[in-house]
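Student: Sharing a structure here in structure tokens format.
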Amino acid sequence: MSYHSITLEDTGESFRSSETRTVLDGMAALGKKGIPVGCCGGGCGVCKIEIISGTYRKRVMSREHISVEDEANNRVLACRVWPTSDLRLKVLGKMSKSVCNDKAVASEVK
Amino acid sequence: MAMTGVLRPGHAQMRVLDLEESIKFYSDVVGLVETGRDAQGRVYFKAWDERDHNSFIIRQADKPGLDFFSFKVDSHATLLKFDADLQAYGIKTERIPAGELLETGERVRFMIPTGHQIELYAEKTDVGNGQPYTNPEAWIPEAEHGIAPVRMDHALLYGPDIDGARDILVNVLGFYLVERILLEDGKTDLAVWLSCSTKAHDIAMVRHPEPGKVHHVAFLLDSWEKVLRAADIMSMNRVKIDIGPTRHGVTRGTTIYAFDPSGNRFETFSGGYSSYPDWHPITWTIDDVGRGIFYHDRALNDAFLTVVT
Ligand code: FES
Ligand SMILES: [Fe+2]
């Protein structure tokens, strides 16, 4: 099984994750309090992220939360994305508050 | 006969992101019985012990969620009367011809102020529960396939104007209020549970800024032990469990919330008390809302007010 290193731009934290675990599951395993892991099925939109670099495998996601333009710009739902290389990513959705805690981060919550 | 007018929830139609994956999920994990497919590509299911042709319909779409939630009424005459009553109340209705939905008669569709499409219909083909109507057995093999609920039971809808929606259901369609949660001001409802029968709820609604959202569609199980068995089956199939097994304070049902492969939440539950239209409604205050929703945790989880489709 291949493992990749996933880095959260917002906090600089990184973790190792396998190709068979979703990025969201990896983030949740970091054990940060309050990561709102939602439906885990690409439906509710709470886990929106932007992949800054790296390659990944993805599955169909709700268009209500990921527009065609989002998808073209690597804005995806973390629960529908699996790493196929090392990744750097930014948290966008309702997760950004809890992941980034009290650090002042210009959030892109829509 | 005491039960007239609206009899019960009849069918829910949901959108899924991947049809094949969802067919497998609802057939083998939830354990519904597939009863048909139509030219639009919709797939029809019923719970094993239901007698009408379908109660749960899925179709593939680019976003998950609920298309419509429908109630069966006692006769065609009642259907026509409700259509007239709704219009007289100022609600626009639409007639959908018989057969548009497989084995289902004419439907009257209207939008309630939470942004949901609600339907009424009087006829759906009785295909039976796999048992004869003379000298049946207690259950059939399908009763043990997957979670295998006995019926599609109710839905919890999220949308803005739950007061207007409640008024239509109560004043026009004869539902009654069973339980409510009041906000800080002590008068505005955060949530209401309504019944058209002697069930503790046939539909519930939570006040929420976005219209037309669904929190869950619920499937009934016979016992608390079957709720535990459902949780085992969810774990065996790596189904994302939101919360449970636990108990609701509201309705007192024992429950699990979990998600289908498109992120639609569903509930498998058992119990809840029987209610009657003359009963005084139960009120929960906002400071005890945690115990009302999740009786053992005594706190809402993060997902309860935010994760919907
Ligand atoms: S957790 Fe719901 S879309 Fe990812
Ligand atoms: Fe429920």
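Chain lettering (A, B, ...) mirrors the order of the structure tokens, residue numbering begins at 1 for each chain separately, and ligand numbering begins at 1 in order of display.
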Can you pull out the residues contacting stretch 273-287 of chain B? Cut-off 12 Å, using only C-alpha atoms, and skip same-chain residues under 4 positions away; I want them as a PyMOL selection string.
Tutor: chain B and resi 2-3+170+174-202+248-254+291-293+298-300
Student: When the cut-off is 8 Å and we count only C-alpha atoms, which residues of chain A are near chain B, given as a list in words?
Tutor: Gly34, Pro36, Val37, Gly38, Cys39, Cys40, Gly41, Gly42, Gly43, Cys44, Val46, Val60, Met61, Ser62, Arg63 and Glu64 of chain A
Student: What would the file look like if the residues just selected were written as an mmCIF file, in the first residue's frame with all heavy atoms?
Tutor:
```cif
data_model
loop_
_atom_site.group_PDB
_atom_site.id
_atom_site.type_symbol
_atom_site.label_atom_id
_atom_site.label_comp_id
_atom_site.auth_asym_id
_atom_site.auth_seq_id
_atom_site.Cartn_x
_atom_site.Cartn_y
_atom_site.Cartn_z
ATOM 1 N N GLY A 34 -13.432 18.955 17.090
ATOM 2 C CA GLY A 34 -14.394 19.780 16.374
ATOM 3 C C GLY A 34 -14.308 19.736 14.867
ATOM 4 O O GLY A 34 -14.970 20.504 14.193
ATOM 5 N N PRO A 36 -15.756 19.052 11.842
ATOM 6 C CA PRO A 36 -17.103 18.565 11.592
ATOM 7 C C PRO A 36 -17.125 17.572 10.445
ATOM 8 O O PRO A 36 -17.415 17.928 9.308
ATOM 9 C CB PRO A 36 -17.926 19.818 11.305
ATOM 10 C CG PRO A 36 -16.933 20.852 10.920
ATOM 11 C CD PRO A 36 -15.567 20.420 11.366
ATOM 12 N N VAL A 37 -16.828 16.370 10.773
ATOM 13 C CA VAL A 37 -16.984 15.299 9.808
ATOM 14 C C VAL A 37 -18.492 15.148 9.615
ATOM 15 O O VAL A 37 -19.216 14.932 10.575
ATOM 16 C CB VAL A 37 -16.378 13.995 10.361
ATOM 17 C CG1 VAL A 37 -16.642 12.844 9.407
ATOM 18 C CG2 VAL A 37 -14.883 14.169 10.589
ATOM 19 N N GLY A 38 -18.935 15.326 8.387
ATOM 20 C CA GLY A 38 -20.377 15.331 8.153
ATOM 21 C C GLY A 38 -20.863 14.011 7.623
ATOM 22 O O GLY A 38 -20.716 12.963 8.253
ATOM 23 N N CYS A 39 -21.385 14.063 6.402
ATOM 24 C CA CYS A 39 -22.065 12.899 5.841
ATOM 25 C C CYS A 39 -21.093 11.872 5.281
ATOM 26 O O CYS A 39 -21.464 10.729 5.046
ATOM 27 C CB CYS A 39 -22.994 13.371 4.728
ATOM 28 S SG CYS A 39 -22.107 14.048 3.301
ATOM 29 N N CYS A 40 -19.835 12.302 5.007
ATOM 30 C CA CYS A 40 -18.822 11.429 4.421
ATOM 31 C C CYS A 40 -19.254 10.822 3.092
ATOM 32 O O CYS A 40 -18.720 9.781 2.674
ATOM 33 C CB CYS A 40 -18.401 10.329 5.398
ATOM 34 S SG CYS A 40 -17.572 11.022 6.822
ATOM 35 N N GLY A 41 -20.211 11.460 2.430
ATOM 36 C CA GLY A 41 -20.678 10.924 1.153
ATOM 37 C C GLY A 41 -20.713 11.961 0.044
ATOM 38 O O GLY A 41 -21.352 11.750 -0.984
ATOM 39 N N GLY A 42 -20.041 13.104 0.250
ATOM 40 C CA GLY A 42 -20.020 14.130 -0.795
ATOM 41 C C GLY A 42 -21.321 14.881 -0.937
ATOM 42 O O GLY A 42 -21.584 15.490 -1.969
ATOM 43 N N GLY A 43 -22.158 14.871 0.108
ATOM 44 C CA GLY A 43 -23.466 15.480 -0.013
ATOM 45 C C GLY A 43 -23.660 16.780 0.750
ATOM 46 O O GLY A 43 -24.365 17.674 0.286
ATOM 47 N N CYS A 44 -23.055 16.898 1.935
ATOM 48 C CA CYS A 44 -23.415 18.016 2.819
ATOM 49 C C CYS A 44 -22.504 19.223 2.682
ATOM 50 O O CYS A 44 -22.856 20.324 3.079
ATOM 51 C CB CYS A 44 -23.438 17.551 4.274
ATOM 52 S SG CYS A 44 -21.793 17.247 4.964
ATOM 53 N N VAL A 46 -19.650 20.128 4.179
ATOM 54 C CA VAL A 46 -18.900 20.717 5.299
ATOM 55 C C VAL A 46 -17.387 20.528 5.160
ATOM 56 O O VAL A 46 -16.621 21.231 5.806
ATOM 57 C CB VAL A 46 -19.329 20.174 6.694
ATOM 58 C CG1 VAL A 46 -20.793 20.439 6.968
ATOM 59 C CG2 VAL A 46 -18.978 18.715 6.867
ATOM 60 N N VAL A 60 -17.759 11.276 -7.485
ATOM 61 C CA VAL A 60 -18.784 12.286 -7.721
ATOM 62 C C VAL A 60 -19.179 12.989 -6.417
ATOM 63 O O VAL A 60 -19.305 12.368 -5.365
ATOM 64 C CB VAL A 60 -20.002 11.637 -8.431
ATOM 65 C CG1 VAL A 60 -20.558 10.473 -7.631
ATOM 66 C CG2 VAL A 60 -21.099 12.651 -8.720
ATOM 67 N N MET A 61 -19.329 14.329 -6.510
ATOM 68 C CA MET A 61 -19.643 15.174 -5.339
ATOM 69 C C MET A 61 -20.852 16.035 -5.665
ATOM 70 O O MET A 61 -21.116 16.327 -6.823
ATOM 71 C CB MET A 61 -18.449 16.100 -5.047
ATOM 72 C CG MET A 61 -17.186 15.377 -4.679
ATOM 73 S SD MET A 61 -15.751 16.471 -4.710
ATOM 74 C CE MET A 61 -15.128 16.152 -6.352
ATOM 75 N N SER A 62 -21.571 16.484 -4.640
ATOM 76 C CA SER A 62 -22.762 17.297 -4.860
ATOM 77 C C SER A 62 -22.409 18.611 -5.563
ATOM 78 O O SER A 62 -21.578 19.379 -5.087
ATOM 79 C CB SER A 62 -23.447 17.613 -3.535
ATOM 80 O OG SER A 62 -24.518 18.494 -3.766
ATOM 81 N N ARG A 63 -23.107 18.892 -6.682
ATOM 82 C CA ARG A 63 -22.924 20.150 -7.409
ATOM 83 C C ARG A 63 -23.403 21.355 -6.601
ATOM 84 O O ARG A 63 -23.088 22.485 -6.916
ATOM 85 C CB ARG A 63 -23.708 20.115 -8.725
ATOM 86 C CG ARG A 63 -22.949 19.547 -9.874
ATOM 87 C CD ARG A 63 -21.929 20.532 -10.454
ATOM 88 N NE ARG A 63 -21.097 19.846 -11.430
ATOM 89 C CZ ARG A 63 -19.834 19.456 -11.197
ATOM 90 N NH1 ARG A 63 -19.244 19.708 -10.063
ATOM 91 N NH2 ARG A 63 -19.166 18.816 -12.136
ATOM 92 N N GLU A 64 -24.191 21.077 -5.586
ATOM 93 C CA GLU A 64 -24.631 22.183 -4.744
ATOM 94 C C GLU A 64 -23.445 22.802 -4.017
ATOM 95 O O GLU A 64 -23.465 23.974 -3.674
ATOM 96 C CB GLU A 64 -25.661 21.669 -3.734
ATOM 97 C CG GLU A 64 -26.235 22.769 -2.896
ATOM 98 C CD GLU A 64 -27.576 22.392 -2.307
ATOM 99 O OE1 GLU A 64 -28.257 21.495 -2.856
ATOM 100 O OE2 GLU A 64 -27.934 22.993 -1.288
#
```
Student: I'd like a table as CSV: residues in chain B with an atom no more than 10 Å from ligand 2, each row giving the shortest atom pair and its distance in Å to one decimal, only C-alpha atoms and all ligand atoms counted, sorted by chain and rising residue number.
Tutor:
```
residue,atom,partner,partner_atom_place_in_ligand_line,distance
B:Asp153,CA,ligand 2,1 (Fe),8.3
B:His154,CA,ligand 2,1 (Fe),6.4
B:Ala155,CA,ligand 2,1 (Fe),6.1
B:Leu156,CA,ligand 2,1 (Fe),6.0
B:Leu157,CA,ligand 2,1 (Fe),9.8
B:Trp193,CA,ligand 2,1 (Fe),9.5
B:His201,CA,ligand 2,1 (Fe),8.2
B:Asp202,CA,ligand 2,1 (Fe),9.0
B:Ile203,CA,ligand 2,1 (Fe),8.2
B:Ala204,CA,ligand 2,1 (Fe),7.6
B:His215,CA,ligand 2,1 (Fe),8.6
B:His216,CA,ligand 2,1 (Fe),6.6
B:Val217,CA,ligand 2,1 (Fe),6.9
B:Ala218,CA,ligand 2,1 (Fe),5.3
B:Phe219,CA,ligand 2,1 (Fe),8.3
B:Leu220,CA,ligand 2,1 (Fe),9.4
B:His248,CA,ligand 2,1 (Fe),8.9
B:Val250,CA,ligand 2,1 (Fe),9.6
B:Thr251,CA,ligand 2,1 (Fe),9.0
B:Gly253,CA,ligand 2,1 (Fe),8.3
B:Thr254,CA,ligand 2,1 (Fe),9.7
B:Thr255,CA,ligand 2,1 (Fe),8.0
B:Ile256,CA,ligand 2,1 (Fe),9.2
B:Tyr257,CA,ligand 2,1 (Fe),8.4
B:Phe266,CA,ligand 2,1 (Fe),8.3
B:Glu267,CA,ligand 2,1 (Fe),6.0
B:Thr268,CA,ligand 2,1 (Fe),8.1
B:Phe269,CA,ligand 2,1 (Fe),7.5
B:Ser270,CA,ligand 2,1 (Fe),10.0
B:Ile293,CA,ligand 2,1 (Fe),9.9
```
Student: As a list in words, please: the residues near B:Gly115 (cut-off 9 Å, only C-alpha atoms, same-chain neighbours under 6 positions excluded).
Tutor: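 Counting only the stated atoms, we get Tyr158, Gly159, Pro160, Asp161, Glu210, Pro211, Gly212 and Lys213 of chain B.
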Student: In terms of the shortest atom-to-atom distance over only C-alpha atoms, which of B:Gly31, B:Gly90, B:Pro113, B:Val108 is closest to B:Ala230?
Tutor: B:Gly31
Student: Residues within 9 Å of stretch 35-49 of chain B, please, as a PyMOL selection string. Count only C-alpha atoms; anything in the same chain fewer than 2 positions from it doesn't count.
Tutor: chain B and resi 11+13+19+23+26-27+31-33+51-60+101-102+128-130+139-140+142-143+148-152+219
Student: Looking at A:Ser96, A:Thr84, A:Thr22, A:Thr55, which one is nearest to ligand 1, with distances taken over only C-alpha atoms and all ligand atoms?
Tutor: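 Nearest to ligand 1: A:Thr22.
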Student: Restricting the calculation to only C-alpha atoms, which member of B:Glu123, B:Asp74, B:Glu34, B:Asp288 is positioned closest to B:Ser22?
Tutor: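 Looking at the shortest contact to B:Ser22, the residue is B:Glu34.
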Student: To test your reading of the structure, identify every residue in stretch 46-275 of chain B that backbone DSSP assigns to alpha helix (DSSP H), and report it as a PyMOL selection string.
Tutor: chain B and resi 76-88+162-167+224-236
Student: Please provide the set of residues having any atom within 10 Å of stretch 81-84 of chain B, restricted to only C-alpha atoms, with same-chain residues fewer than 4 positions apart removed, written as a list in words.
Tutor: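 Contacts, with the query itself left out: Gly5, Val6, Val73, Ser75, His76, Ala77, Ala88, Tyr89, Gly90, Ile91, Lys92, Thr93, Glu94, Arg95, Arg107, Val108, Arg109, Phe110, Leu120, Val172 and Leu173 of chain B.
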Student: Check the smallest atom-to-atom distance from each of B:Met234, B:Leu305, B:Val30, B:Ala122 to B:Val206 using only C-alpha atoms, then report the winner.
Tutor: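 Once distances to B:Val206 are computed over only C-alpha atoms, the minimum belongs to B:Leu305.
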Student: Ranking B:Glu20, B:Gln117, B:Phe25, B:Ile112 by minimum distance to B:Ile162 and counting only C-alpha atoms, which one comes first?
Tutor: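 With only C-alpha atoms as the atom set, the closest residue is B:Ile112.
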Student: For A:Leu77, list every protein, DNA or RNA residue within 6 Å, evaluated using only C-alpha atoms, and leave out those in the same chain fewer than 3 positions away; present the list as a ChimeraX atom specification.
Tutor: /A:47-48,80
